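Q: You'll find final.cif just under this line, and it carries mmCIF, C-alpha atoms.
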data_query
#
loop_
_atom_site.label_atom_id
_atom_site.label_comp_id
_atom_site.auth_asym_id
_atom_site.auth_seq_id
_atom_site.Cartn_x
_atom_site.Cartn_y
_atom_site.Cartn_z
CA MET Q 871 67.00 57.99 150.30
CA ASN Q 872 68.74 56.53 153.36
CA LYS Q 873 72.38 57.12 154.20
CA SER Q 874 73.63 53.63 153.27
CA ILE Q 875 72.17 53.84 149.75
CA CYS Q 876 73.69 57.28 149.26
CA LEU Q 877 77.10 55.98 150.31
CA LEU Q 878 76.73 52.98 147.96
CA LEU Q 879 75.83 55.21 145.02
CA LEU Q 880 78.75 57.52 145.81
CA SER Q 881 81.11 54.53 145.98
CA LEU Q 882 79.85 53.21 142.65
CA SER Q 883 80.25 56.65 141.07
CA VAL Q 884 83.82 56.95 142.33
CA SER Q 885 84.65 53.41 141.13
CA MET Q 886 83.21 54.08 137.66
CA SER Q 887 85.10 57.37 137.44
CA TYR Q 888 88.36 55.66 138.43
CA ALA Q 889 87.80 52.84 135.94
CA GLN Q 890 87.18 55.37 133.19
CA GLN Q 891 90.34 57.29 134.06
CA SER Q 892 92.52 54.16 134.28
CA ALA Q 893 91.25 52.49 131.08
CA PRO Q 894 93.57 52.55 128.06
CA LYS Q 895 93.05 55.56 125.79
CA LEU Q 896 93.48 55.23 122.03
CA ILE Q 897 93.65 57.72 119.19
CA VAL Q 898 92.80 56.08 115.85
CA ARG Q 899 94.15 58.39 113.17
CA GLY Q 900 93.30 58.31 109.46
CA ASP Q 901 95.92 60.06 107.31
CA ASP Q 902 96.17 61.78 103.92
CA MET Q 903 92.75 63.34 103.34
CA GLY Q 904 92.90 65.23 100.06
CA TYR Q 905 95.16 62.95 98.02
CA SER Q 906 92.18 61.32 96.26
CA HIS Q 907 88.39 61.32 96.11
CA SER Q 908 88.47 57.66 97.16
CA GLY Q 909 90.53 58.51 100.21
CA ASN Q 910 88.19 61.33 101.17
CA LEU Q 911 85.14 59.05 101.00
CA ALA Q 912 86.84 56.33 103.02
CA LEU Q 913 88.08 58.71 105.71
CA ILE Q 914 84.63 60.19 106.26
CA LYS Q 915 83.10 56.70 106.30
CA SER Q 916 85.66 55.55 108.86
CA SER Q 917 84.71 58.41 111.17
CA LYS Q 918 80.92 58.26 110.70
CA GLU Q 919 80.50 54.47 110.64
CA GLY Q 920 83.66 53.34 112.40
CA PHE Q 921 85.94 54.06 115.32
CA GLN Q 922 88.43 56.43 113.65
CA THR Q 923 88.87 59.46 115.92
CA SER Q 924 90.99 61.89 113.88
CA ILE Q 925 91.50 62.86 110.24
CA GLU Q 926 94.68 64.43 108.85
CA VAL Q 927 94.36 66.78 105.86
CA ILE Q 928 97.11 67.44 103.28
CA VAL Q 929 96.48 71.08 102.38
CA PRO Q 930 98.31 71.31 98.99
CA SER Q 931 96.76 68.06 97.76
CA PRO Q 932 94.42 68.04 94.72
CA TRP Q 933 91.25 66.99 96.56
CA PHE Q 934 91.65 69.42 99.47
CA PRO Q 935 88.64 71.57 98.40
CA GLU Q 936 86.38 68.52 98.55
CA ALA Q 937 87.88 67.58 101.92
CA VAL Q 938 86.97 71.03 103.24
CA LYS Q 939 83.34 70.59 102.17
CA MET Q 940 83.11 67.11 103.67
CA LEU Q 941 84.58 68.23 106.98
CA HIS Q 942 82.26 71.24 107.05
CA ASP Q 943 79.34 68.81 106.73
CA ASN Q 944 80.74 66.69 109.59
CA PRO Q 945 81.64 69.24 112.28
CA GLY Q 946 82.22 66.68 115.03
CA ILE Q 947 85.29 65.13 113.41
CA ASP Q 948 88.65 65.98 114.97
CA VAL Q 949 90.95 67.41 112.25
CA GLY Q 950 94.69 67.92 111.99
CA ILE Q 951 96.95 69.59 109.42
CA HIS Q 952 99.12 66.89 107.86
CA LEU Q 953 102.13 69.06 107.03
CA ALA Q 954 103.59 67.82 103.75
CA ILE Q 955 106.64 68.63 101.64
CA THR Q 956 106.51 65.52 99.43
CA SER Q 957 104.33 64.19 96.62
CA GLU Q 958 105.04 60.48 96.51
CA TRP Q 959 102.65 59.01 93.93
CA ASP Q 960 103.91 58.36 90.39
CA ASN Q 961 100.72 59.11 88.41
CA MET Q 962 99.42 62.01 90.48
CA LYS Q 963 101.36 64.95 91.91
CA TRP Q 964 100.96 68.17 93.88
CA ARG Q 965 103.13 71.26 94.12
CA PRO Q 966 104.17 73.60 96.93
CA MET Q 967 101.83 76.44 97.81
CA THR Q 968 104.74 78.88 97.96
CA ASN Q 969 107.87 79.83 96.05
CA CYS Q 970 110.25 77.43 97.77
CA PRO Q 971 112.88 76.34 95.20
CA SER Q 972 114.76 74.00 97.52
CA LEU Q 973 111.68 71.81 98.00
CA ARG Q 974 110.80 71.41 94.31
CA ASP Q 975 112.01 68.85 91.80
CA ALA Q 976 112.91 69.64 88.18
CA ASP Q 977 109.22 69.65 87.19
CA GLY Q 978 108.14 71.95 90.00
CA TYR Q 979 106.52 69.27 92.14
CA PHE Q 980 107.50 68.32 95.66
CA PHE Q 981 110.15 65.60 95.76
CA PRO Q 982 108.57 62.14 96.10
CA MET Q 983 110.41 61.21 99.30
CA VAL Q 984 111.60 62.86 102.51
CA TYR Q 985 114.38 60.38 103.22
CA PRO Q 986 116.64 58.43 100.81
CA ASN Q 987 114.86 55.65 98.93
CA LYS Q 988 116.63 53.21 96.60
CA ASN Q 989 113.71 53.34 94.15
CA TYR Q 990 113.99 57.13 93.85
CA PRO Q 991 117.73 57.92 93.96
CA LYS Q 992 118.57 61.53 94.77
CA ARG Q 993 114.86 62.39 94.78
CA SER Q 994 114.35 62.89 98.50
CA VAL Q 995 114.27 66.18 100.38
CA VAL Q 996 117.27 65.36 102.54
CA GLU Q 997 119.42 64.46 99.52
CA ASN Q 998 118.90 67.92 98.08
CA ASP Q 999 119.84 71.36 99.30
CA TRP Q 1000 116.69 72.04 101.31
CA GLN Q 1001 116.48 75.32 103.18
CA LEU Q 1002 114.84 75.85 106.56
CA ALA Q 1003 113.43 79.17 105.34
CA ASP Q 1004 111.61 77.37 102.52
CA ILE Q 1005 110.16 74.80 104.90
CA GLU Q 1006 108.96 77.55 107.22
CA LYS Q 1007 107.40 79.46 104.34
CA GLU Q 1008 105.57 76.37 103.11
CA PHE Q 1009 104.45 75.22 106.55
CA ARG Q 1010 103.06 78.70 107.26
CA ALA Q 1011 101.08 78.72 104.02
CA GLN Q 1012 99.61 75.29 104.73
CA ILE Q 1013 98.67 76.20 108.30
CA GLU Q 1014 97.09 79.51 107.28
CA MET Q 1015 95.04 77.92 104.51
CA ALA Q 1016 93.86 75.12 106.78
CA LEU Q 1017 92.82 77.53 109.54
CA LYS Q 1018 91.02 79.69 106.98
CA LYS Q 1019 89.03 76.77 105.57
CA ILE Q 1020 88.76 74.53 108.68
CA PRO Q 1021 88.92 76.80 111.76
CA ARG Q 1022 88.50 73.95 114.26
CA ILE Q 1023 91.97 72.47 113.52
CA SER Q 1024 93.17 70.85 116.75
CA HIS Q 1025 96.69 69.72 115.90
CA LEU Q 1026 99.58 69.34 113.49
CA SER Q 1027 100.93 66.04 112.19
CA SER Q 1028 103.70 65.00 109.85
CA HIS Q 1029 103.37 63.45 106.38
CA MET Q 1030 106.16 60.89 105.83
CA GLY Q 1031 108.02 62.22 108.86
CA CYS Q 1032 108.80 65.61 107.34
CA THR Q 1033 108.70 67.53 110.62
CA GLY Q 1034 111.46 65.36 112.06
CA ILE Q 1035 114.19 65.95 109.47
CA THR Q 1036 116.36 67.78 112.01
CA GLU Q 1037 116.02 69.26 115.48
CA GLU Q 1038 115.69 72.64 113.78
CA VAL Q 1039 112.63 71.49 111.86
CA LYS Q 1040 111.13 69.96 115.01
CA ALA Q 1041 111.64 73.24 116.85
CA LEU Q 1042 110.14 75.17 113.92
CA THR Q 1043 107.02 73.01 114.02
CA ARG Q 1044 106.57 73.56 117.76
CA ARG Q 1045 107.09 77.29 117.34
CA LEU Q 1046 104.51 77.54 114.54
CA ALA Q 1047 101.99 75.51 116.54
CA LYS Q 1048 102.37 77.98 119.40
CA GLU Q 1049 102.28 81.04 117.15
CA TYR Q 1050 99.11 79.94 115.35
CA LYS Q 1051 97.55 78.72 118.62
CA ILE Q 1052 97.30 75.10 117.44
CA PRO Q 1053 96.43 73.14 120.60
CA VAL Q 1054 98.67 70.11 119.82
CA ASP Q 1055 101.82 70.12 117.69
CA ALA Q 1056 103.35 67.25 115.71
CA GLU Q 1057 104.72 65.57 118.84
CA PRO Q 1058 101.56 64.59 120.75
CA LYS Q 1059 101.85 63.59 124.39
CA VAL Q 1060 101.04 59.91 124.08
CA ASP Q 1061 102.73 57.05 125.87
CA LYS Q 1062 103.26 54.91 122.80
CA TYR Q 1063 102.67 54.65 119.07
CA VAL Q 1064 101.16 51.25 118.30
CA SER Q 1065 100.78 49.22 115.12
CA TYR Q 1066 99.44 45.86 114.00
CA ASP Q 1067 100.44 42.94 116.20
CA GLY Q 1068 100.92 40.41 113.41
CA PRO Q 1069 100.39 40.10 109.63
CA HIS Q 1070 98.28 42.85 108.06
CA LYS Q 1071 98.18 42.30 104.32
CA THR Q 1072 94.46 41.44 104.00
CA SER Q 1073 91.38 42.87 105.68
CA ASP Q 1074 91.02 39.79 107.89
CA GLU Q 1075 94.68 39.92 108.89
CA LYS Q 1076 94.39 43.60 109.74
CA ILE Q 1077 91.37 42.94 111.94
CA ARG Q 1078 93.01 40.02 113.77
CA SER Q 1079 96.29 41.85 114.29
CA PHE Q 1080 94.53 45.03 115.44
CA ILE Q 1081 92.51 43.03 117.98
CA SER Q 1082 95.73 41.38 119.17
CA MET Q 1083 97.26 44.83 119.62
CA LEU Q 1084 94.22 46.00 121.60
CA GLY Q 1085 94.74 43.10 124.00
CA LYS Q 1086 98.17 44.46 124.95
CA LEU Q 1087 97.13 48.02 125.79
CA GLU Q 1088 97.75 48.89 129.43
CA ASN Q 1089 95.43 50.74 131.78
CA GLY Q 1090 96.26 54.36 132.40
CA LYS Q 1091 98.23 54.82 129.18
CA THR Q 1092 97.46 56.74 125.98
CA TYR Q 1093 98.21 55.22 122.58
CA LEU Q 1094 98.23 56.37 118.95
CA PHE Q 1095 97.44 54.14 115.96
CA VAL Q 1096 97.86 55.48 112.41
CA ASP Q 1097 96.78 54.12 109.02
CA HIS Q 1098 95.28 55.22 105.69
CA PRO Q 1099 91.69 54.33 104.75
CA GLY Q 1100 90.76 54.08 101.07
CA LEU Q 1101 88.47 52.28 98.66
CA ASP Q 1102 89.40 49.54 96.22
CA ASP Q 1103 88.14 51.36 93.12
CA ALA Q 1104 89.46 52.42 89.72
CA GLU Q 1105 90.85 55.71 91.02
CA LEU Q 1106 92.92 54.21 93.79
CA ARG Q 1107 94.08 51.30 91.61
CA ALA Q 1108 95.75 53.96 89.42
CA ILE Q 1109 97.67 55.43 92.38
CA SER Q 1110 100.95 53.88 93.49
CA HIS Q 1111 104.68 54.36 93.83
CA ILE Q 1112 107.53 51.89 93.43
CA GLY Q 1113 107.48 49.54 96.38
CA TYR Q 1114 103.81 50.19 97.16
CA GLU Q 1115 101.74 48.98 94.24
CA ASN Q 1116 98.72 47.47 96.03
CA VAL Q 1117 97.43 50.77 97.40
CA ALA Q 1118 93.73 50.18 96.62
CA GLU Q 1119 93.60 46.70 98.15
CA ASP Q 1120 95.66 47.71 101.17
CA ARG Q 1121 93.70 50.85 101.97
CA GLN Q 1122 90.32 49.17 101.47
CA GLY Q 1123 91.52 46.78 104.16
CA VAL Q 1124 92.07 49.73 106.50
CA THR Q 1125 88.53 50.96 105.87
CA ASP Q 1126 87.23 47.44 106.55
CA LEU Q 1127 89.19 47.44 109.80
CA PHE Q 1128 88.11 50.90 110.95
CA THR Q 1129 84.43 50.03 110.40
CA SER Q 1130 84.59 46.44 111.73
CA ASP Q 1131 81.78 45.49 114.13
CA GLN Q 1132 84.03 42.79 115.57
CA VAL Q 1133 86.67 45.34 116.52
CA LYS Q 1134 84.04 47.73 117.90
CA GLU Q 1135 82.84 44.97 120.23
CA VAL Q 1136 86.38 44.28 121.48
CA ILE Q 1137 86.91 48.00 122.14
CA LYS Q 1138 83.66 48.07 124.11
CA THR Q 1139 84.40 44.87 126.03
CA ARG Q 1140 87.88 46.03 127.00
CA ARG Q 1141 86.51 49.48 127.93
CA ILE Q 1142 89.11 51.19 125.76
CA GLN Q 1143 88.47 54.93 125.54
CA LEU Q 1144 88.60 56.27 122.00
CA ILE Q 1145 89.85 59.86 122.04
CA GLY Q 1146 90.96 62.54 119.57
CA TYR Q 1147 93.80 65.01 119.65
CA LYS Q 1148 91.39 67.64 120.94
CA ASP Q 1149 91.06 65.53 124.09
CA LEU Q 1150 94.83 65.67 124.56
CA ALA Q 1151 94.63 69.45 124.27
CA GLU Q 1152 91.91 69.61 126.93
CA LYS Q 1153 93.94 67.29 129.16
CA ASN Q 1154 97.09 69.38 128.86
#
In structure tokens, what does this structure look like?
A:
Amino acid sequence: MNKSICLLLLSLSVSMSYAQQSAPKLIVRGDDMGYSHSGNLALIKSSKEGFQTSIEVIVPSPWFPEAVKMLHDNPGIDVGIHLAITSEWDNMKWRPMTNCPSLRDADGYFFPMVYPNKNYPKRSVVENDWQLADIEKEFRAQIEMALKKIPRISHLSSHMGCTGITEEVKALTRRLAKEYKIPVDAEPKVDKYVSYDGPHKTSDEKIRSFISMLGKLENGKTYLFVDHPGLDDAELRAISHIGYENVAEDRQGVTDLFTSDQVKEVIKTRRIQLIGYKDLAEKN
């Protein structure tokens, strides 16, 4: 091979490497694995057939054992612990894994909300006498169970914003991530959280608004998009809370989005790099 061809190939290699490094990076996160069988099925589908790059597991949730089996059968999926101290659905509840009185309602379940909600007066964590020691106890139990059942855990995340109640809770989460050698804590190093750029009630609206959002991603930056895949079936139609009654329809739309061939083509055309939290850990 002559010298000029070698130099051309080297130049092309360097250009491709630079383009790959400067392209927008996007984490597509699916939350709440374990809250329902429908959700579990949709989350796995969104990873295997779609462009979802991370799944968040709620450890004290009722369908956690099934989630563990599904994730064991799909070892390539990036998994995070979705730390949770609430149980928001009206017809289906879960309880703390530990004896933490300040985090339980009168029936022994987690409170439905983290922050005040007009539909659930005085039934949020922050409106009650929560104790940092109870949060630490519960977070530890959830982390230890997750690591026992799913050793490849790459990160922590926050269900309904529970890790951000106060600076003390934020610091606790960072400390536990370090202690348990979790590569990424609940404050990932991304440049921006992104959402739908437009209406997103129906599947078609979600797809259009997601594509519009993709068009605004900037080269060299890392983004995080979060939503909740599900299936529009009898199980999910029975799950709701006041103010969010169309759970099945809404979450089926997320599954339709995350598996959309149209969106996959846009991601490919725009050379957007889909990454997981484990890639952030390797980077940092």
Q: Select, from Q:Ile951, Q:Ile897, Q:Val1060, Q:Met1015, the residue with the minimum atom-to-atom distance to Thr1043 (chain Q), counting only C-alpha atoms.
A: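 Nearest candidate to Thr1043 (chain Q) out of Q:Ile951, Q:Ile897, Q:Val1060, Q:Met1015: Q:Ile951.
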Q: List every residue of region 899-1004 of chain Q that has an atom at most 12 Å from any atom of region 1123-1139 of chain Q, and for each one report the closest atom pair and its distance in Å to one decimal, counting only C-alpha atoms, with rows sorted by chain and then by increasing residue number, as a tab-separated table.
A:
residue	atom	partner	partner_atom	distance
Q:Arg899	CA	Q:Phe1128	CA	9.9
Q:Gly900	CA	Q:Val1124	CA	9.2
Q:Asp901	CA	Q:Val1124	CA	11.1
Q:Ser908	CA	Q:Thr1125	CA	11.0
Q:Gly909	CA	Q:Thr1125	CA	9.6
Q:Asn910	CA	Q:Thr1125	CA	11.4
Q:Leu911	CA	Q:Thr1125	CA	10.0
Q:Ala912	CA	Q:Thr1125	CA	6.3
Q:Leu913	CA	Q:Thr1125	CA	7.8
Q:Ile914	CA	Q:Thr1125	CA	10.0
Q:Lys915	CA	Q:Thr1125	CA	7.9
Q:Ser916	CA	Q:Phe1128	CA	5.7
Q:Ser917	CA	Q:Phe1128	CA	8.2
Q:Lys918	CA	Q:Thr1129	CA	9.0
Q:Glu919	CA	Q:Thr1129	CA	5.9
Q:Gly920	CA	Q:Thr1129	CA	3.9
Q:Phe921	CA	Q:Phe1128	CA	5.8
Q:Gln922	CA	Q:Phe1128	CA	6.2
Q:Thr923	CA	Q:Phe1128	CA	9.9
Q:Ser924	CA	Q:Phe1128	CA	11.7
Q: The PyMOL selection byres ((chain Q and resi 967) around 10) on the file shown: which residues, as a PyMOL selection string?
A: chain Q and resi 929-931+955+964-966+968-970+1007-1012+1015
Q: Convert the current residue selection to file output with C-alpha atoms, as a short mmCIF file (atom, residue, chain, number, x, y, z; two decimals), in the frame of the given file.
A:
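This went into part_19.cif:
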data_model
loop_
_atom_site.label_atom_id
_atom_site.label_comp_id
_atom_site.auth_asym_id
_atom_site.auth_seq_id
_atom_site.Cartn_x
_atom_site.Cartn_y
_atom_site.Cartn_z
CA VAL Q 929 96.48 71.08 102.38
CA PRO Q 930 98.31 71.31 98.99
CA SER Q 931 96.76 68.06 97.76
CA ILE Q 955 106.64 68.63 101.64
CA TRP Q 964 100.96 68.17 93.88
CA ARG Q 965 103.13 71.26 94.12
CA PRO Q 966 104.17 73.60 96.93
CA THR Q 968 104.74 78.88 97.96
CA ASN Q 969 107.87 79.83 96.05
CA CYS Q 970 110.25 77.43 97.77
CA LYS Q 1007 107.40 79.46 104.34
CA GLU Q 1008 105.57 76.37 103.11
CA PHE Q 1009 104.45 75.22 106.55
CA ARG Q 1010 103.06 78.70 107.26
CA ALA Q 1011 101.08 78.72 104.02
CA GLN Q 1012 99.61 75.29 104.73
CA MET Q 1015 95.04 77.92 104.51
#
Q: Find the distance between CA of Ser1024 (chain Q) and CA of Ile1142 (chain Q) and write it in Å to one decimal.
A: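 It comes out at 22.0 Å.
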Q: Please check which residues have atoms at most 8 Å from (95.5, 53.4, 92.4) in the file's coordinates, counting only C-alpha atoms, and write them as a PDB file with C-alpha atoms, in the frame of the given file.
A:
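What follows is the written file selection_22.pdb:
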ATOM      1  CA  ASP Q1103      88.140  51.360  93.120  1.00  0.00           C
ATOM      2  CA  ALA Q1104      89.460  52.420  89.720  1.00  0.00           C
ATOM      3  CA  GLU Q1105      90.850  55.710  91.020  1.00  0.00           C
ATOM      4  CA  LEU Q1106      92.920  54.210  93.790  1.00  0.00           C
ATOM      5  CA  ARG Q1107      94.080  51.300  91.610  1.00  0.00           C
ATOM      6  CA  ALA Q1108      95.750  53.960  89.420  1.00  0.00           C
ATOM      7  CA  ILE Q1109      97.670  55.430  92.380  1.00  0.00           C
ATOM      8  CA  SER Q1110     100.950  53.880  93.490  1.00  0.00           C
ATOM      9  CA  GLU Q1115     101.740  48.980  94.240  1.00  0.00           C
ATOM     10  CA  ASN Q1116      98.720  47.470  96.030  1.00  0.00           C
ATOM     11  CA  VAL Q1117      97.430  50.770  97.400  1.00  0.00           C
ATOM     12  CA  ALA Q1118      93.730  50.180  96.620  1.00  0.00           C
TER      13      ALA Q1118
END
Q: What's the separation between CA of Ala976 (chain Q) and CA of Lys988 (chain Q), in Å to one decimal place?
A: 18.8 Å
Q: Might you pull out every residue within 9 Å of Leu1046 (chain Q), with all atoms listed in the file counted and same-chain residues fewer than 5 positions away left off, and present them as a short mmCIF file (atom, residue, chain, number, x, y, z; two decimals) with C-alpha atoms, keeping the file's coordinate frame?
A:
data_model
loop_
_atom_site.label_atom_id
_atom_site.label_comp_id
_atom_site.auth_asym_id
_atom_site.auth_seq_id
_atom_site.Cartn_x
_atom_site.Cartn_y
_atom_site.Cartn_z
CA GLU Q 1006 108.96 77.55 107.22
CA PHE Q 1009 104.45 75.22 106.55
CA ARG Q 1010 103.06 78.70 107.26
CA ILE Q 1013 98.67 76.20 108.30
CA ALA Q 1041 111.64 73.24 116.85
CA LYS Q 1051 97.55 78.72 118.62
CA ILE Q 1052 97.30 75.10 117.44
CA ASP Q 1055 101.82 70.12 117.69
#
Q: To one decimal in Å, tell me the separation between CA of His952 (chain Q) and CA of Val927 (chain Q).
A: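 CA of Val927 (chain Q) lies 5.2 Å from CA of His952 (chain Q).
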Q: Give me the residues near Tyr985 (chain Q) as a ChimeraX atom specification, where near means some atom within 6 Å (using only C-alpha atoms) and where sequence neighbours in that chain fewer than 2 positions away do not count.
A: /Q:983,994,996
Q: Please expand the PyMOL selection byres ((chain Q and resi 1063-1071) around 12) into the concrete residues it hits in this file, giving the result as a ChimeraX atom specification.
A: /Q:895-899,1057-1062,1072-1088,1091-1097,1116-1124,1127
Q: Got time to write the residues from that selection, C-alpha atoms, as a compact mmCIF listing (two decimals), in the coordinates of the input?
A:
# COMPACT_ATOMS: atom_id res chain seq x y z
CA LYS Q 895 93.05 55.56 125.79
CA LEU Q 896 93.48 55.23 122.03
CA ILE Q 897 93.65 57.72 119.19
CA VAL Q 898 92.80 56.08 115.85
CA ARG Q 899 94.15 58.39 113.17
CA GLU Q 1057 104.72 65.57 118.84
CA PRO Q 1058 101.56 64.59 120.75
CA LYS Q 1059 101.85 63.59 124.39
CA VAL Q 1060 101.04 59.91 124.08
CA ASP Q 1061 102.73 57.05 125.87
CA LYS Q 1062 103.26 54.91 122.80
CA THR Q 1072 94.46 41.44 104.00
CA SER Q 1073 91.38 42.87 105.68
CA ASP Q 1074 91.02 39.79 107.89
CA GLU Q 1075 94.68 39.92 108.89
CA LYS Q 1076 94.39 43.60 109.74
CA ILE Q 1077 91.37 42.94 111.94
CA ARG Q 1078 93.01 40.02 113.77
CA SER Q 1079 96.29 41.85 114.29
CA PHE Q 1080 94.53 45.03 115.44
CA ILE Q 1081 92.51 43.03 117.98
CA SER Q 1082 95.73 41.38 119.17
CA MET Q 1083 97.26 44.83 119.62
CA LEU Q 1084 94.22 46.00 121.60
CA GLY Q 1085 94.74 43.10 124.00
CA LYS Q 1086 98.17 44.46 124.95
CA LEU Q 1087 97.13 48.02 125.79
CA GLU Q 1088 97.75 48.89 129.43
CA LYS Q 1091 98.23 54.82 129.18
CA THR Q 1092 97.46 56.74 125.98
CA TYR Q 1093 98.21 55.22 122.58
CA LEU Q 1094 98.23 56.37 118.95
CA PHE Q 1095 97.44 54.14 115.96
CA VAL Q 1096 97.86 55.48 112.41
CA ASP Q 1097 96.78 54.12 109.02
CA ASN Q 1116 98.72 47.47 96.03
CA VAL Q 1117 97.43 50.77 97.40
CA ALA Q 1118 93.73 50.18 96.62
CA GLU Q 1119 93.60 46.70 98.15
CA ASP Q 1120 95.66 47.71 101.17
CA ARG Q 1121 93.70 50.85 101.97
CA GLN Q 1122 90.32 49.17 101.47
CA GLY Q 1123 91.52 46.78 104.16
CA VAL Q 1124 92.07 49.73 106.50
CA LEU Q 1127 89.19 47.44 109.80
Q: Neighbouring residues of Arg1044 (chain Q) were defined as those with any atom within 9 Å, considering only C-alpha atoms; residues of the same chain fewer than 4 positions away were excluded. Please report them as a list in words.
A: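 Near neighbours after the sequence-gap exclusion: Val1039, Lys1040, Lys1048, Glu1049, Val1054, Asp1055, Ala1056 and Glu1057 of chain Q.
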Q: Taking 4 positions as the minimum chain separation for residues in the same chain, which residues sit within 12 Å of Glu1038 (chain Q) when counting all atoms listed in the file? Answer as a list of chain:residue names.
A: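 Using all atoms listed in the file, the neighbours found are Q:Gln1001, Q:Leu1002, Q:Ala1003, Q:Ile1005, Q:Glu1006, Q:Cys1032, Q:Thr1033, Q:Gly1034, Q:Leu1042, Q:Thr1043, Q:Arg1044, Q:Arg1045.
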Q: Mind writing the picked residues with C-alpha atoms as a PDB file, keeping the file's coordinate frame?
A:
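The result, written out as out-v2.pdb:
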ATOM      1  CA  GLN Q1001     116.480  75.320 103.180  1.00  0.00           C
ATOM      2  CA  LEU Q1002     114.840  75.850 106.560  1.00  0.00           C
ATOM      3  CA  ALA Q1003     113.430  79.170 105.340  1.00  0.00           C
ATOM      4  CA  ILE Q1005     110.160  74.800 104.900  1.00  0.00           C
ATOM      5  CA  GLU Q1006     108.960  77.550 107.220  1.00  0.00           C
ATOM      6  CA  CYS Q1032     108.800  65.610 107.340  1.00  0.00           C
ATOM      7  CA  THR Q1033     108.700  67.530 110.620  1.00  0.00           C
ATOM      8  CA  GLY Q1034     111.460  65.360 112.060  1.00  0.00           C
ATOM      9  CA  LEU Q1042     110.140  75.170 113.920  1.00  0.00           C
ATOM     10  CA  THR Q1043     107.020  73.010 114.020  1.00  0.00           C
ATOM     11  CA  ARG Q1044     106.570  73.560 117.760  1.00  0.00           C
ATOM     12  CA  ARG Q1045     107.090  77.290 117.340  1.00  0.00           C
TER      13      ARG Q1045
END
Q: Just say which residues the PyMOL selection byres ((chain Q and resi 981) around 8) picks in this file, as a list in words.
A: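 Selected by the PyMOL selection byres ((chain Q and resi 981) around 8) in this file: Ile955, Thr956, Ser957, Glu958, Leu973, Arg974, Asp975, Tyr979, Phe980, Pro982, Met983, Val984, Arg993, Ser994 and Val995 of chain Q.
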